[in-house]
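Reproduced below: work21.cif, with mmCIF, C-alpha atoms.
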```
data_entry
loop_
_atom_site.group_PDB
_atom_site.id
_atom_site.type_symbol
_atom_site.label_atom_id
_atom_site.label_comp_id
_atom_site.auth_asym_id
_atom_site.auth_seq_id
_atom_site.Cartn_x
_atom_site.Cartn_y
_atom_site.Cartn_z
ATOM 1 C CA MET N 747 3.167 13.435 28.636
ATOM 2 C CA SER N 748 5.429 10.522 29.466
ATOM 3 C CA THR N 749 5.203 7.436 27.236
ATOM 4 C CA THR N 750 7.360 5.251 29.486
ATOM 5 C CA LEU N 751 5.871 1.773 29.874
ATOM 6 C CA THR N 752 6.001 -0.250 33.053
ATOM 7 C CA PRO N 753 7.698 -3.670 32.884
ATOM 8 C CA GLU N 754 4.252 -5.279 32.977
ATOM 9 C CA GLN N 755 3.070 -3.180 30.018
ATOM 10 C CA LYS N 756 6.189 -4.001 28.037
ATOM 11 C CA THR N 757 5.628 -7.694 28.711
ATOM 12 C CA ALA N 758 1.994 -7.427 27.589
ATOM 13 C CA VAL N 759 3.064 -5.796 24.317
ATOM 14 C CA LEU N 760 5.622 -8.526 23.624
ATOM 15 C CA ILE N 761 3.153 -11.309 24.426
ATOM 16 C CA GLU N 762 0.562 -9.768 22.090
ATOM 17 C CA THR N 763 3.018 -9.971 19.186
ATOM 18 C CA ILE N 764 3.729 -13.702 19.576
ATOM 19 C CA PRO N 765 0.730 -15.133 17.659
ATOM 20 C CA TRP N 766 1.214 -12.570 14.893
ATOM 21 C CA LEU N 767 4.910 -13.393 14.572
ATOM 22 C CA ARG N 768 3.902 -17.031 14.132
ATOM 23 C CA LYS N 769 1.163 -16.148 11.671
ATOM 24 C CA TYR N 770 3.346 -14.023 9.393
ATOM 25 C CA ALA N 771 6.643 -15.910 9.690
ATOM 26 C CA GLY N 772 7.882 -16.708 6.193
ATOM 27 C CA LYS N 773 5.055 -14.722 4.573
ATOM 28 C CA ARG N 774 5.352 -11.916 2.036
ATOM 29 C CA VAL N 775 3.956 -8.458 2.694
ATOM 30 C CA VAL N 776 3.775 -5.887 -0.104
ATOM 31 C CA ILE N 777 3.770 -2.299 1.136
ATOM 32 C CA LYS N 778 2.786 0.689 -1.015
ATOM 33 C CA TYR N 779 4.915 3.511 0.379
ATOM 34 C CA GLY N 780 3.151 6.857 0.009
ATOM 35 C CA GLY N 781 1.509 9.840 1.671
ATOM 36 C CA ASN N 782 3.266 11.726 4.469
ATOM 37 C CA ALA N 783 5.353 8.642 5.185
ATOM 38 C CA MET N 784 7.465 9.453 2.127
ATOM 39 C CA THR N 785 7.771 13.233 2.637
ATOM 40 C CA ASP N 786 8.288 13.716 6.387
ATOM 41 C CA PRO N 787 11.880 12.905 7.527
ATOM 42 C CA GLU N 788 10.842 11.392 10.867
ATOM 43 C CA LEU N 789 8.169 9.245 9.234
ATOM 44 C CA GLN N 790 10.628 8.162 6.545
ATOM 45 C CA LYS N 791 13.037 6.972 9.230
ATOM 46 C CA ALA N 792 10.266 5.175 11.148
ATOM 47 C CA PHE N 793 9.133 3.398 7.989
ATOM 48 C CA ALA N 794 12.679 2.253 7.227
ATOM 49 C CA GLN N 795 12.949 0.859 10.764
ATOM 50 C CA ASP N 796 9.652 -0.994 10.345
ATOM 51 C CA VAL N 797 10.716 -2.617 7.081
ATOM 52 C CA VAL N 798 14.035 -3.813 8.521
ATOM 53 C CA LEU N 799 12.310 -5.209 11.625
ATOM 54 C CA LEU N 800 9.888 -7.177 9.457
ATOM 55 C CA LEU N 801 12.786 -8.830 7.662
ATOM 56 C CA GLN N 802 14.649 -9.526 10.891
ATOM 57 C CA TRP N 803 11.522 -11.169 12.296
ATOM 58 C CA GLY N 804 11.280 -13.593 9.375
ATOM 59 C CA ILE N 805 8.787 -11.699 7.196
ATOM 60 C CA TYR N 806 9.548 -10.719 3.589
ATOM 61 C CA PRO N 807 8.668 -7.055 2.907
ATOM 62 C CA ILE N 808 8.426 -5.789 -0.669
ATOM 63 C CA VAL N 809 8.127 -2.010 -1.033
ATOM 64 C CA VAL N 810 6.501 -0.309 -4.035
ATOM 65 C CA HIS N 811 6.603 3.471 -4.305
ATOM 66 C CA GLY N 812 5.375 6.307 -6.465
ATOM 67 C CA GLY N 813 6.324 9.934 -6.025
ATOM 68 C CA GLY N 814 3.548 12.260 -7.132
ATOM 69 C CA PRO N 815 4.441 15.221 -4.866
ATOM 70 C CA GLN N 816 8.133 14.989 -5.713
ATOM 71 C CA ILE N 817 7.377 14.774 -9.438
ATOM 72 C CA SER N 818 5.131 17.839 -9.255
ATOM 73 C CA GLN N 819 7.817 19.706 -7.320
ATOM 74 C CA MET N 820 10.475 18.912 -9.922
ATOM 75 C CA LEU N 821 8.208 19.794 -12.852
ATOM 76 C CA GLU N 822 7.487 23.145 -11.235
ATOM 77 C CA ALA N 823 11.202 23.765 -10.659
ATOM 78 C CA LEU N 824 11.844 23.025 -14.339
ATOM 79 C CA ASN N 825 8.889 25.201 -15.438
ATOM 80 C CA ILE N 826 7.119 22.227 -17.006
ATOM 81 C CA GLU N 827 3.353 22.548 -16.692
ATOM 82 C CA SER N 828 1.458 19.679 -15.040
ATOM 83 C CA GLN N 829 -1.897 18.696 -16.495
ATOM 84 C CA PHE N 830 -4.354 16.251 -14.976
ATOM 85 C CA ILE N 831 -7.386 14.635 -16.621
ATOM 86 C CA GLY N 832 -9.752 12.545 -14.521
ATOM 87 C CA GLY N 833 -7.224 12.514 -11.674
ATOM 88 C CA LEU N 834 -4.435 11.122 -13.884
ATOM 89 C CA ARG N 835 -1.293 13.036 -14.811
ATOM 90 C CA VAL N 836 -0.895 13.678 -18.524
ATOM 91 C CA THR N 837 2.609 12.368 -19.199
ATOM 92 C CA THR N 838 4.352 13.855 -22.214
ATOM 93 C CA PRO N 839 7.811 12.529 -23.245
ATOM 94 C CA GLU N 840 9.339 15.539 -21.478
ATOM 95 C CA THR N 841 7.331 14.797 -18.334
ATOM 96 C CA MET N 842 8.232 11.101 -18.528
ATOM 97 C CA ASP N 843 11.922 11.976 -18.400
ATOM 98 C CA VAL N 844 11.266 13.843 -15.154
ATOM 99 C CA VAL N 845 9.137 10.989 -13.747
ATOM 100 C CA ARG N 846 11.916 8.519 -14.445
ATOM 101 C CA MET N 847 14.555 10.783 -12.927
ATOM 102 C CA VAL N 848 12.567 11.513 -9.754
ATOM 103 C CA LEU N 849 11.309 7.990 -9.062
ATOM 104 C CA THR N 850 14.518 6.047 -9.615
ATOM 105 C CA GLY N 851 17.063 8.806 -9.035
ATOM 106 C CA ARG N 852 15.614 10.512 -5.995
ATOM 107 C CA VAL N 853 12.692 8.864 -4.179
ATOM 108 C CA GLN N 854 14.031 5.343 -4.530
ATOM 109 C CA ARG N 855 17.619 6.314 -3.679
ATOM 110 C CA GLU N 856 16.488 8.106 -0.523
ATOM 111 C CA LEU N 857 14.420 5.152 0.683
ATOM 112 C CA VAL N 858 17.117 2.591 -0.103
ATOM 113 C CA SER N 859 19.648 4.706 1.817
ATOM 114 C CA LEU N 860 17.329 5.019 4.824
ATOM 115 C CA ILE N 861 16.744 1.262 4.966
ATOM 116 C CA ASN N 862 20.415 0.491 4.505
ATOM 117 C CA ALA N 863 21.261 2.855 7.357
ATOM 118 C CA GLN N 864 19.427 0.332 9.560
ATOM 119 C CA ALA N 865 20.741 -2.804 7.816
ATOM 120 C CA ILE N 866 22.354 -3.277 4.402
ATOM 121 C CA ARG N 867 19.429 -5.121 2.850
ATOM 122 C CA ALA N 868 17.555 -2.842 0.432
ATOM 123 C CA VAL N 869 17.998 -2.977 -3.347
ATOM 124 C CA GLY N 870 16.279 -0.507 -5.672
ATOM 125 C CA ILE N 871 14.710 -1.812 -8.867
ATOM 126 C CA SER N 872 12.679 -0.032 -11.522
ATOM 127 C CA GLY N 873 9.610 -1.623 -13.028
ATOM 128 C CA GLU N 874 11.430 -1.557 -16.357
ATOM 129 C CA ASP N 875 14.393 -3.581 -15.018
ATOM 130 C CA SER N 876 14.334 -7.184 -16.278
ATOM 131 C CA GLY N 877 10.867 -6.538 -17.676
ATOM 132 C CA LEU N 878 9.329 -6.499 -14.188
ATOM 133 C CA PHE N 879 6.274 -4.493 -15.316
ATOM 134 C CA HIS N 880 4.720 -4.463 -18.769
ATOM 135 C CA ALA N 881 1.853 -2.040 -19.324
ATOM 136 C CA ARG N 882 -0.435 -0.735 -22.042
ATOM 137 C CA ARG N 883 -1.330 2.907 -22.556
ATOM 138 C CA VAL N 884 -4.438 4.030 -20.713
ATOM 139 C CA LYS N 885 -7.469 4.896 -22.805
ATOM 140 C CA ARG N 886 -10.019 7.184 -21.199
ATOM 141 C CA GLU N 887 -13.166 9.028 -22.208
ATOM 142 C CA ILE N 888 -14.268 12.295 -20.615
ATOM 143 C CA ASP N 889 -17.817 13.419 -21.439
ATOM 144 C CA GLY N 890 -17.926 10.786 -24.155
ATOM 145 C CA LYS N 891 -14.759 12.014 -25.879
ATOM 146 C CA PRO N 892 -11.437 10.120 -25.959
ATOM 147 C CA VAL N 893 -8.540 11.833 -24.168
ATOM 148 C CA ASP N 894 -4.825 11.284 -24.626
ATOM 149 C CA LEU N 895 -2.946 10.866 -21.336
ATOM 150 C CA GLY N 896 0.377 10.325 -23.063
ATOM 151 C CA GLN N 897 2.786 7.858 -21.447
ATOM 152 C CA VAL N 898 0.400 6.632 -18.751
ATOM 153 C CA GLY N 899 -0.144 2.901 -18.533
ATOM 154 C CA GLU N 900 -2.023 0.101 -16.844
ATOM 155 C CA VAL N 901 -0.127 -3.048 -15.882
ATOM 156 C CA VAL N 902 -0.889 -6.085 -18.049
ATOM 157 C CA HIS N 903 1.938 -8.390 -16.954
ATOM 158 C CA VAL N 904 4.332 -8.830 -14.028
ATOM 159 C CA ASN N 905 7.550 -10.822 -14.208
ATOM 160 C CA PRO N 906 8.199 -11.791 -10.568
ATOM 161 C CA LEU N 907 11.601 -13.419 -11.164
ATOM 162 C CA PRO N 908 13.782 -10.363 -10.388
ATOM 163 C CA ILE N 909 11.922 -9.902 -7.099
ATOM 164 C CA GLU N 910 12.132 -13.602 -6.298
ATOM 165 C CA ASP N 911 15.905 -13.446 -6.813
ATOM 166 C CA LEU N 912 16.202 -10.552 -4.359
ATOM 167 C CA LEU N 913 13.986 -12.224 -1.748
ATOM 168 C CA SER N 914 15.932 -15.484 -1.978
ATOM 169 C CA SER N 915 19.131 -13.590 -1.172
ATOM 170 C CA GLY N 916 17.618 -11.910 1.884
ATOM 171 C CA ARG N 917 17.131 -8.507 0.256
ATOM 172 C CA ILE N 918 14.342 -5.944 0.538
ATOM 173 C CA PRO N 919 13.139 -4.970 -2.966
ATOM 174 C CA VAL N 920 12.269 -1.281 -3.361
ATOM 175 C CA ILE N 921 10.336 -0.931 -6.616
ATOM 176 C CA SER N 922 9.526 2.219 -8.607
ATOM 177 C CA SER N 923 6.305 2.401 -10.615
ATOM 178 C CA ILE N 924 7.587 2.568 -14.202
ATOM 179 C CA ALA N 925 6.731 -0.046 -16.836
ATOM 180 C CA ILE N 926 7.803 -1.105 -20.310
ATOM 181 C CA ASP N 927 5.209 -0.313 -22.989
ATOM 182 C CA VAL N 928 3.963 -3.702 -24.178
ATOM 183 C CA ASP N 929 3.239 -2.203 -27.610
ATOM 184 C CA ASP N 930 6.574 -0.383 -27.930
ATOM 185 C CA ALA N 931 9.554 -1.946 -26.150
ATOM 186 C CA GLU N 932 11.579 1.246 -26.550
ATOM 187 C CA SER N 933 9.026 3.268 -24.597
ATOM 188 C CA VAL N 934 8.256 3.359 -20.870
ATOM 189 C CA LEU N 935 5.021 4.258 -19.101
ATOM 190 C CA ASN N 936 4.121 5.909 -15.812
ATOM 191 C CA ILE N 937 1.875 3.545 -13.826
ATOM 192 C CA ASN N 938 -0.173 4.054 -10.674
ATOM 193 C CA ALA N 939 1.887 2.813 -7.718
ATOM 194 C CA ASP N 940 -1.135 1.597 -5.714
ATOM 195 C CA LEU N 941 -2.266 -0.672 -8.538
ATOM 196 C CA ALA N 942 1.336 -1.675 -9.290
ATOM 197 C CA ALA N 943 1.647 -2.848 -5.682
ATOM 198 C CA ALA N 944 -1.537 -4.891 -6.045
ATOM 199 C CA HIS N 945 -0.165 -6.589 -9.167
ATOM 200 C CA ILE N 946 3.078 -7.373 -7.346
ATOM 201 C CA ALA N 947 1.192 -8.820 -4.370
ATOM 202 C CA GLN N 948 -0.798 -11.044 -6.701
ATOM 203 C CA ALA N 949 2.226 -12.195 -8.729
ATOM 204 C CA LEU N 950 4.193 -13.074 -5.567
ATOM 205 C CA ASN N 951 1.288 -14.810 -3.817
ATOM 206 C CA ALA N 952 1.733 -12.336 -0.977
ATOM 207 C CA ASP N 953 -0.188 -12.809 2.236
ATOM 208 C CA LYS N 954 -0.903 -9.119 2.652
ATOM 209 C CA LEU N 955 -0.981 -5.798 0.794
ATOM 210 C CA MET N 956 -0.627 -2.632 2.846
ATOM 211 C CA VAL N 957 -1.294 0.823 1.346
ATOM 212 C CA LEU N 958 0.025 3.861 3.235
ATOM 213 C CA THR N 959 -1.924 7.074 2.698
ATOM 214 C CA ASN N 960 -2.853 10.361 4.436
ATOM 215 C CA VAL N 961 -6.110 9.300 6.093
ATOM 216 C CA LYS N 962 -6.970 6.741 8.766
ATOM 217 C CA GLY N 963 -8.534 4.356 6.272
ATOM 218 C CA ILE N 964 -11.618 4.013 4.086
ATOM 219 C CA TYR N 965 -14.601 6.140 5.124
ATOM 220 C CA ARG N 966 -18.206 5.601 4.140
ATOM 221 C CA ASP N 967 -18.835 9.348 4.482
ATOM 222 C CA TYR N 968 -15.502 11.185 4.470
ATOM 223 C CA PRO N 969 -14.447 13.087 6.568
ATOM 224 C CA ASP N 970 -16.958 12.001 9.223
ATOM 225 C CA PRO N 971 -14.708 10.133 11.709
ATOM 226 C CA ASP N 972 -17.584 7.907 12.786
ATOM 227 C CA SER N 973 -17.856 6.530 9.242
ATOM 228 C CA LEU N 974 -14.385 4.941 9.246
ATOM 229 C CA ILE N 975 -14.741 1.308 8.186
ATOM 230 C CA ARG N 976 -12.544 -1.228 9.984
ATOM 231 C CA CYS N 977 -13.315 -4.294 7.873
ATOM 232 C CA LEU N 978 -14.783 -4.382 4.379
ATOM 233 C CA PRO N 979 -15.811 -7.557 2.541
ATOM 234 C CA LEU N 980 -14.965 -7.677 -1.174
ATOM 235 C CA ALA N 981 -18.538 -7.435 -2.485
ATOM 236 C CA GLN N 982 -19.236 -4.305 -0.456
ATOM 237 C CA ALA N 983 -15.853 -2.840 -1.384
ATOM 238 C CA ARG N 984 -16.806 -3.075 -5.061
ATOM 239 C CA GLU N 985 -20.057 -1.211 -4.371
ATOM 240 C CA LEU N 986 -18.332 1.470 -2.316
ATOM 241 C CA LEU N 987 -15.777 2.034 -5.083
ATOM 242 C CA LYS N 988 -18.544 3.256 -7.403
ATOM 243 C CA GLU N 989 -19.288 6.246 -5.162
ATOM 244 C CA MET N 990 -15.846 6.984 -3.746
ATOM 245 C CA GLU N 991 -13.960 10.293 -4.003
ATOM 246 C CA THR N 992 -11.308 10.405 -6.739
ATOM 247 C CA GLY N 993 -8.254 10.519 -4.465
ATOM 248 C CA MET N 994 -9.059 7.255 -2.685
ATOM 249 C CA VAL N 995 -10.247 5.355 -5.756
ATOM 250 C CA PRO N 996 -6.846 3.828 -6.651
ATOM 251 C CA LYS N 997 -6.268 2.846 -2.998
ATOM 252 C CA LEU N 998 -9.493 0.883 -2.713
ATOM 253 C CA ALA N 999 -9.192 -0.389 -6.308
ATOM 254 C CA ALA N 1000 -5.751 -1.777 -5.443
ATOM 255 C CA CYS N 1001 -7.143 -3.559 -2.389
ATOM 256 C CA ILE N 1002 -9.969 -5.048 -4.443
ATOM 257 C CA GLN N 1003 -7.597 -6.194 -7.170
ATOM 258 C CA ALA N 1004 -5.278 -7.817 -4.642
ATOM 259 C CA ILE N 1005 -8.090 -9.753 -2.948
ATOM 260 C CA GLU N 1006 -9.499 -10.840 -6.309
ATOM 261 C CA GLY N 1007 -6.000 -12.071 -7.171
ATOM 262 C CA GLY N 1008 -5.781 -14.329 -4.134
ATOM 263 C CA VAL N 1009 -4.071 -12.066 -1.586
ATOM 264 C CA ARG N 1010 -5.518 -12.902 1.833
ATOM 265 C CA GLN N 1011 -5.837 -9.376 3.148
ATOM 266 C CA ALA N 1012 -5.352 -5.775 1.968
ATOM 267 C CA THR N 1013 -5.244 -2.830 4.355
ATOM 268 C CA VAL N 1014 -5.285 0.958 3.941
ATOM 269 C CA VAL N 1015 -3.388 2.587 6.838
ATOM 270 C CA ASP N 1016 -2.505 6.084 7.968
ATOM 271 C CA GLY N 1017 1.054 6.918 6.928
ATOM 272 C CA ARG N 1018 1.016 10.110 9.001
ATOM 273 C CA ILE N 1019 1.545 8.140 12.214
ATOM 274 C CA PRO N 1020 4.893 6.439 12.926
ATOM 275 C CA HIS N 1021 5.166 2.646 12.901
ATOM 276 C CA GLN N 1022 1.665 1.980 11.551
ATOM 277 C CA THR N 1023 3.098 -0.931 9.577
ATOM 278 C CA LEU N 1024 4.094 -2.735 12.766
ATOM 279 C CA LEU N 1025 0.875 -1.832 14.593
ATOM 280 C CA GLU N 1026 -1.241 -3.249 11.778
ATOM 281 C CA ILE N 1027 0.625 -6.539 11.586
ATOM 282 C CA PHE N 1028 1.544 -7.244 15.209
ATOM 283 C CA THR N 1029 -1.401 -6.043 17.329
ATOM 284 C CA ASP N 1030 -4.757 -7.692 17.950
ATOM 285 C CA ASP N 1031 -6.802 -4.665 16.902
ATOM 286 C CA GLY N 1032 -4.681 -3.526 13.955
ATOM 287 C CA VAL N 1033 -5.171 -0.143 12.318
ATOM 288 C CA GLY N 1034 -6.798 1.262 9.190
ATOM 289 C CA THR N 1035 -9.339 -0.446 6.941
ATOM 290 C CA MET N 1036 -8.950 -4.117 6.099
ATOM 291 C CA VAL N 1037 -10.434 -5.476 2.850
ATOM 292 C CA VAL N 1038 -11.086 -9.223 2.850
ATOM 293 C CA ALA N 1039 -12.770 -11.767 0.611
ATOM 294 C CA LYS N 1040 -15.901 -12.653 2.601
ATOM 295 C CA ASP N 1041 -18.212 -11.427 5.356
ATOM 296 C CA THR N 1042 -17.044 -14.347 7.480
ATOM 297 C CA ASP N 1043 -13.481 -12.995 7.321
ATOM 298 C CA CYS N 1044 -14.753 -9.800 8.914
ATOM 299 C CA VAL N 1045 -16.510 -11.831 11.576
ATOM 300 C CA GLU N 1046 -13.176 -13.488 12.328
ATOM 301 C CA PHE N 1047 -11.635 -10.050 12.732
ATOM 302 C CA MET N 1048 -14.393 -9.108 15.189
ATOM 303 C CA ARG N 1049 -13.369 -11.998 17.409
ATOM 304 C CA SER N 1050 -10.260 -10.038 18.400
ATOM 305 C CA THR N 1051 -9.867 -9.068 22.053
ATOM 306 C CA LYS N 1052 -11.074 -5.486 21.648
ATOM 307 C CA TYR N 1053 -14.358 -6.362 19.956
ATOM 308 C CA ARG N 1054 -15.033 -9.470 22.004
ATOM 309 C CA LYS N 1055 -14.929 -7.279 25.098
ATOM 310 C CA LYS N 1056 -17.659 -5.154 23.523
ATOM 311 C CA GLY N 1057 -19.924 -8.197 23.477
ATOM 312 C CA PHE N 1058 -19.773 -8.946 19.745
ATOM 313 C CA ASN N 1059 -22.160 -11.695 18.690
ATOM 314 C CA GLU N 1060 -20.668 -13.486 15.695
ATOM 315 C CA ASN N 1061 -24.092 -14.816 14.706
ATOM 316 C CA ALA N 1062 -25.588 -11.337 14.452
ATOM 317 C CA MET N 1063 -24.432 -9.743 11.204
ATOM 318 C CA ASP N 1064 -25.982 -6.435 12.325
ATOM 319 C CA ASP N 1065 -22.982 -6.207 14.642
ATOM 320 C CA LEU N 1066 -20.919 -5.376 11.571
ATOM 321 C CA GLY N 1067 -21.819 -1.801 12.506
ATOM 322 C CA MET N 1068 -22.716 -0.671 8.986
ATOM 323 C CA VAL N 1069 -24.059 -2.469 5.982
ATOM 324 C CA GLY N 1070 -20.987 -3.695 4.131
ATOM 325 C CA GLY N 1071 -18.335 -2.943 6.706
ATOM 326 C CA ILE N 1072 -17.300 -2.966 10.321
ATOM 327 C CA GLN N 1073 -16.704 0.391 11.988
#
```

Show this structure as structure tokens.
Amino acid sequence: MSTTLTPEQKTAVLIETIPWLRKYAGKRVVIKYGGNAMTDPELQKAFAQDVVLLLQWGIYPIVVHGGGPQISQMLEALNIESQFIGGLRVTTPETMDVVRMVLTGRVQRELVSLINAQAIRAVGISGEDSGLFHARRVKREIDGKPVDLGQVGEVVHVNPLPIEDLLSSGRIPVISSIAIDVDDAESVLNINADLAAAHIAQALNADKLMVLTNVKGIYRDYPDPDSLIRCLPLAQARELLKEMETGMVPKLAACIQAIEGGVRQATVVDGRIPHQTLLEIFTDDGVGTMVVAKDTDCVEFMRSTKYRKKGFNENAMDDLGMVGGIQ
């Protein structure tokens, strides 16, 4: 099927971007790079193009990445057994060496190279560089018993200065999710990249956090497509988190943390589709699930062209489609 646009359609697309270019000009957008977007070559290239375009259009993108699939692949190749407890990887010193090698030596290098193929702007930085991330070892209980996850941490402090330096020089920071152990400066910890991105967004006073994953957004009843939530106020997001499936917990938790930290908007988008980053920022309808501070912020979203045409009544909260979120 042809995807060629008529001149009129091309003009309409360009006109639709104008208010969003104005809105985001000079703003900071933190993007958690993950899901298929970081494993499929075509999606990798599309993402790199998106990030460069954001910078060229006067927006400051900051990319944070993990690398779970690549780490698992390397551990298997080295015959090192992977163990997970409560959805978290048990990170022994031997495993941590592999995590470090894969995140900063492979995943980050590949992404920096892809971005720089478009424009020489990207600079890779580890969370341990210049004390960017400090974390404390995670303590968990399973069935009432403490479990040792090894070198797995939760961020307790972010030093934004190294990122600020890169942004001020027109660079695109590409950050790997490794942190210095706050209780042992000679040790490093593996941290969740979704939550690391939320901490970065908060520390930089970012306007937006975007989390790329392998689903269309947050569902109230996954995988029922009709239960996809388009806008989710913070209070309802907290309630939904209590009953969410393990895999999506850190995604929604990151969005909640970002909004609680003053970030205006956090969105979970489908990284399996090219150029979702641009579609979310520069189109009236956006994509994915948007988490915002208040119900009234969701009402504002519903005033967009698409929903206004459906006859949305901003005074009727039942029009939110579901209790606690807009479909």

Find the spatial neighbours of Arg855 (chain N), counting all atoms listed in the file, within a cut-off of 12 Å - ignore same-chain residues fewer than 4 positions away - and output them as an mmCIF file with C-alpha atoms, keeping the file's coordinate frame.
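See around_15.cif below for the written result:
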```cif
data_model
loop_
_atom_site.group_PDB
_atom_site.id
_atom_site.type_symbol
_atom_site.label_atom_id
_atom_site.label_comp_id
_atom_site.auth_asym_id
_atom_site.auth_seq_id
_atom_site.Cartn_x
_atom_site.Cartn_y
_atom_site.Cartn_z
ATOM 1 C CA HIS N 811 6.603 3.471 -4.305
ATOM 2 C CA MET N 847 14.555 10.783 -12.927
ATOM 3 C CA VAL N 848 12.567 11.513 -9.754
ATOM 4 C CA LEU N 849 11.309 7.990 -9.062
ATOM 5 C CA THR N 850 14.518 6.047 -9.615
ATOM 6 C CA GLY N 851 17.063 8.806 -9.035
ATOM 7 C CA SER N 859 19.648 4.706 1.817
ATOM 8 C CA LEU N 860 17.329 5.019 4.824
ATOM 9 C CA ILE N 861 16.744 1.262 4.966
ATOM 10 C CA ASN N 862 20.415 0.491 4.505
ATOM 11 C CA ALA N 868 17.555 -2.842 0.432
ATOM 12 C CA VAL N 869 17.998 -2.977 -3.347
ATOM 13 C CA GLY N 870 16.279 -0.507 -5.672
ATOM 14 C CA ILE N 871 14.710 -1.812 -8.867
ATOM 15 C CA SER N 872 12.679 -0.032 -11.522
ATOM 16 C CA VAL N 920 12.269 -1.281 -3.361
ATOM 17 C CA ILE N 921 10.336 -0.931 -6.616
ATOM 18 C CA SER N 922 9.526 2.219 -8.607
#
```

Could I get the residues of region 893-928 of chain N with an atom no further than 12 Å from an atom of region 825-840 of chain N, each paired with its nearest atom pair and that distance in Å to one decimal, using all atoms listed in the file, sorted by chain and residue number, as a tab-separated table?
```
residue	atom	partner	partner_atom	distance
N:Val893	CA	N:Ile831	CA	8.1
N:Asp894	CA	N:Val836	CA	7.6
N:Leu895	CA	N:Val836	CA	4.5
N:Gly896	CA	N:Thr837	CA	4.9
N:Gln897	CA	N:Thr837	CA	5.0
N:Val898	CA	N:Thr837	CA	6.2
N:Gly899	CA	N:Thr837	CA	9.9
N:Glu900	CA	N:Leu834	CA	11.7
```

Two-atom distance - CA of Gln819 (chain N), CA of Arg852 (chain N) (Å): 12.1 Å

Residue members of the PyMOL selection byres ((chain N and resi 785) around 10) in the file shown, as a list in words: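 Selected by the PyMOL selection byres ((chain N and resi 785) around 10) here: Gly780, Gly781, Asn782, Ala783, Met784, Asp786, Pro787, Glu788, Leu789, Gln790, Gly813, Pro815, Gln816, Val853 and Arg1018 of chain N.
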
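Computed from the coordinates, the CA of Pro765 (chain N) to CA of Asp1041 (chain N) distance equals 22.9 Å.
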
Close residues, Gly772 (chain N) itself excluded, 8 Å, all atoms listed in the file, min 3 positions apart in chain, as a PyMOL selection string: chain N and resi 804-806

Residues matched by the PyMOL selection byres ((chain N and resi 1012-1017) around 6), written as a PyMOL selection string: chain N and resi 782-783+954-963+1001+1011+1018-1019+1034-1037

Using 10 Å as the limit and counting only C-alpha atoms, can you tabulate each residue of region 948-1052 of chain N that touches region 793-802 of chain N, with its shortest atom-to-atom distance in Å and the two atoms involved, as JSON lines?
```
{"residue": "N:Gly1017", "atom": "CA", "partner": "N:Phe793", "partner_atom": "CA", "distance": 8.9}
{"residue": "N:Ile1019", "atom": "CA", "partner": "N:Phe793", "partner_atom": "CA", "distance": 9.9}
{"residue": "N:Pro1020", "atom": "CA", "partner": "N:Phe793", "partner_atom": "CA", "distance": 7.2}
{"residue": "N:His1021", "atom": "CA", "partner": "N:Asp796", "partner_atom": "CA", "distance": 6.3}
{"residue": "N:Gln1022", "atom": "CA", "partner": "N:Phe793", "partner_atom": "CA", "distance": 8.4}
{"residue": "N:Thr1023", "atom": "CA", "partner": "N:Asp796", "partner_atom": "CA", "distance": 6.6}
{"residue": "N:Leu1024", "atom": "CA", "partner": "N:Asp796", "partner_atom": "CA", "distance": 6.3}
{"residue": "N:Leu1025", "atom": "CA", "partner": "N:Asp796", "partner_atom": "CA", "distance": 9.8}
{"residue": "N:Ile1027", "atom": "CA", "partner": "N:Leu800", "partner_atom": "CA", "distance": 9.5}
```

Who sits within 12 Å of Asp929 (chain N), only C-alpha atoms, same chain under 6 positions skipped, as a ChimeraX atom specification: /N:880-883,897,899,902,935

Explicit residue set for the PyMOL selection byres ((chain N and resi 989-1000) around 7), as a ChimeraX atom specification: /N:833,940-941,944,957,986-988,1001-1004

Those residues you just picked out, can you put them in a file as an mmCIF file, keeping the file's coordinate frame with C-alpha atoms?
```cif
data_model
loop_
_atom_site.group_PDB
_atom_site.id
_atom_site.type_symbol
_atom_site.label_atom_id
_atom_site.label_comp_id
_atom_site.auth_asym_id
_atom_site.auth_seq_id
_atom_site.Cartn_x
_atom_site.Cartn_y
_atom_site.Cartn_z
ATOM 1 C CA GLY N 833 -7.224 12.514 -11.674
ATOM 2 C CA ASP N 940 -1.135 1.597 -5.714
ATOM 3 C CA LEU N 941 -2.266 -0.672 -8.538
ATOM 4 C CA ALA N 944 -1.537 -4.891 -6.045
ATOM 5 C CA VAL N 957 -1.294 0.823 1.346
ATOM 6 C CA LEU N 986 -18.332 1.470 -2.316
ATOM 7 C CA LEU N 987 -15.777 2.034 -5.083
ATOM 8 C CA LYS N 988 -18.544 3.256 -7.403
ATOM 9 C CA CYS N 1001 -7.143 -3.559 -2.389
ATOM 10 C CA ILE N 1002 -9.969 -5.048 -4.443
ATOM 11 C CA GLN N 1003 -7.597 -6.194 -7.170
ATOM 12 C CA ALA N 1004 -5.278 -7.817 -4.642
#
```

Residue nearest Gln948 (chain N) - candidates N:Lys891, N:Lys885, N:Arg1010, N:Lys1040, atoms counted: all atoms listed in the file: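 Once distances to Gln948 (chain N) are computed over all atoms listed in the file, the minimum belongs to N:Arg1010.
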
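Shortest separation to Pro908 (chain N) among N:Leu950, N:Val844, N:Ala823, N:Val884 occurs at residue N:Leu950, atoms counted being all atoms listed in the file.
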
Of the listed residues N:Val1045, N:Phe879, N:Lys769, N:Ile764, that which approaches Ala931 (chain N) most closely, counting only C-alpha atoms: N:Phe879

If we draw a sphere of 6 Å around (-2.3, -12.7, -1.1), which residues have at least one atom in it when counting only C-alpha atoms? Please report them as a compact mmCIF listing (two decimals) with C-alpha atoms, in the coordinates of the input.
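Heads up, here's the output in part.txt:
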```txt
# COMPACT_ATOMS: atom_id res chain seq x y z
CA ASN N 951 1.29 -14.81 -3.82
CA ALA N 952 1.73 -12.34 -0.98
CA ASP N 953 -0.19 -12.81 2.24
CA LYS N 954 -0.90 -9.12 2.65
CA GLY N 1008 -5.78 -14.33 -4.13
CA VAL N 1009 -4.07 -12.07 -1.59
CA ARG N 1010 -5.52 -12.90 1.83
```
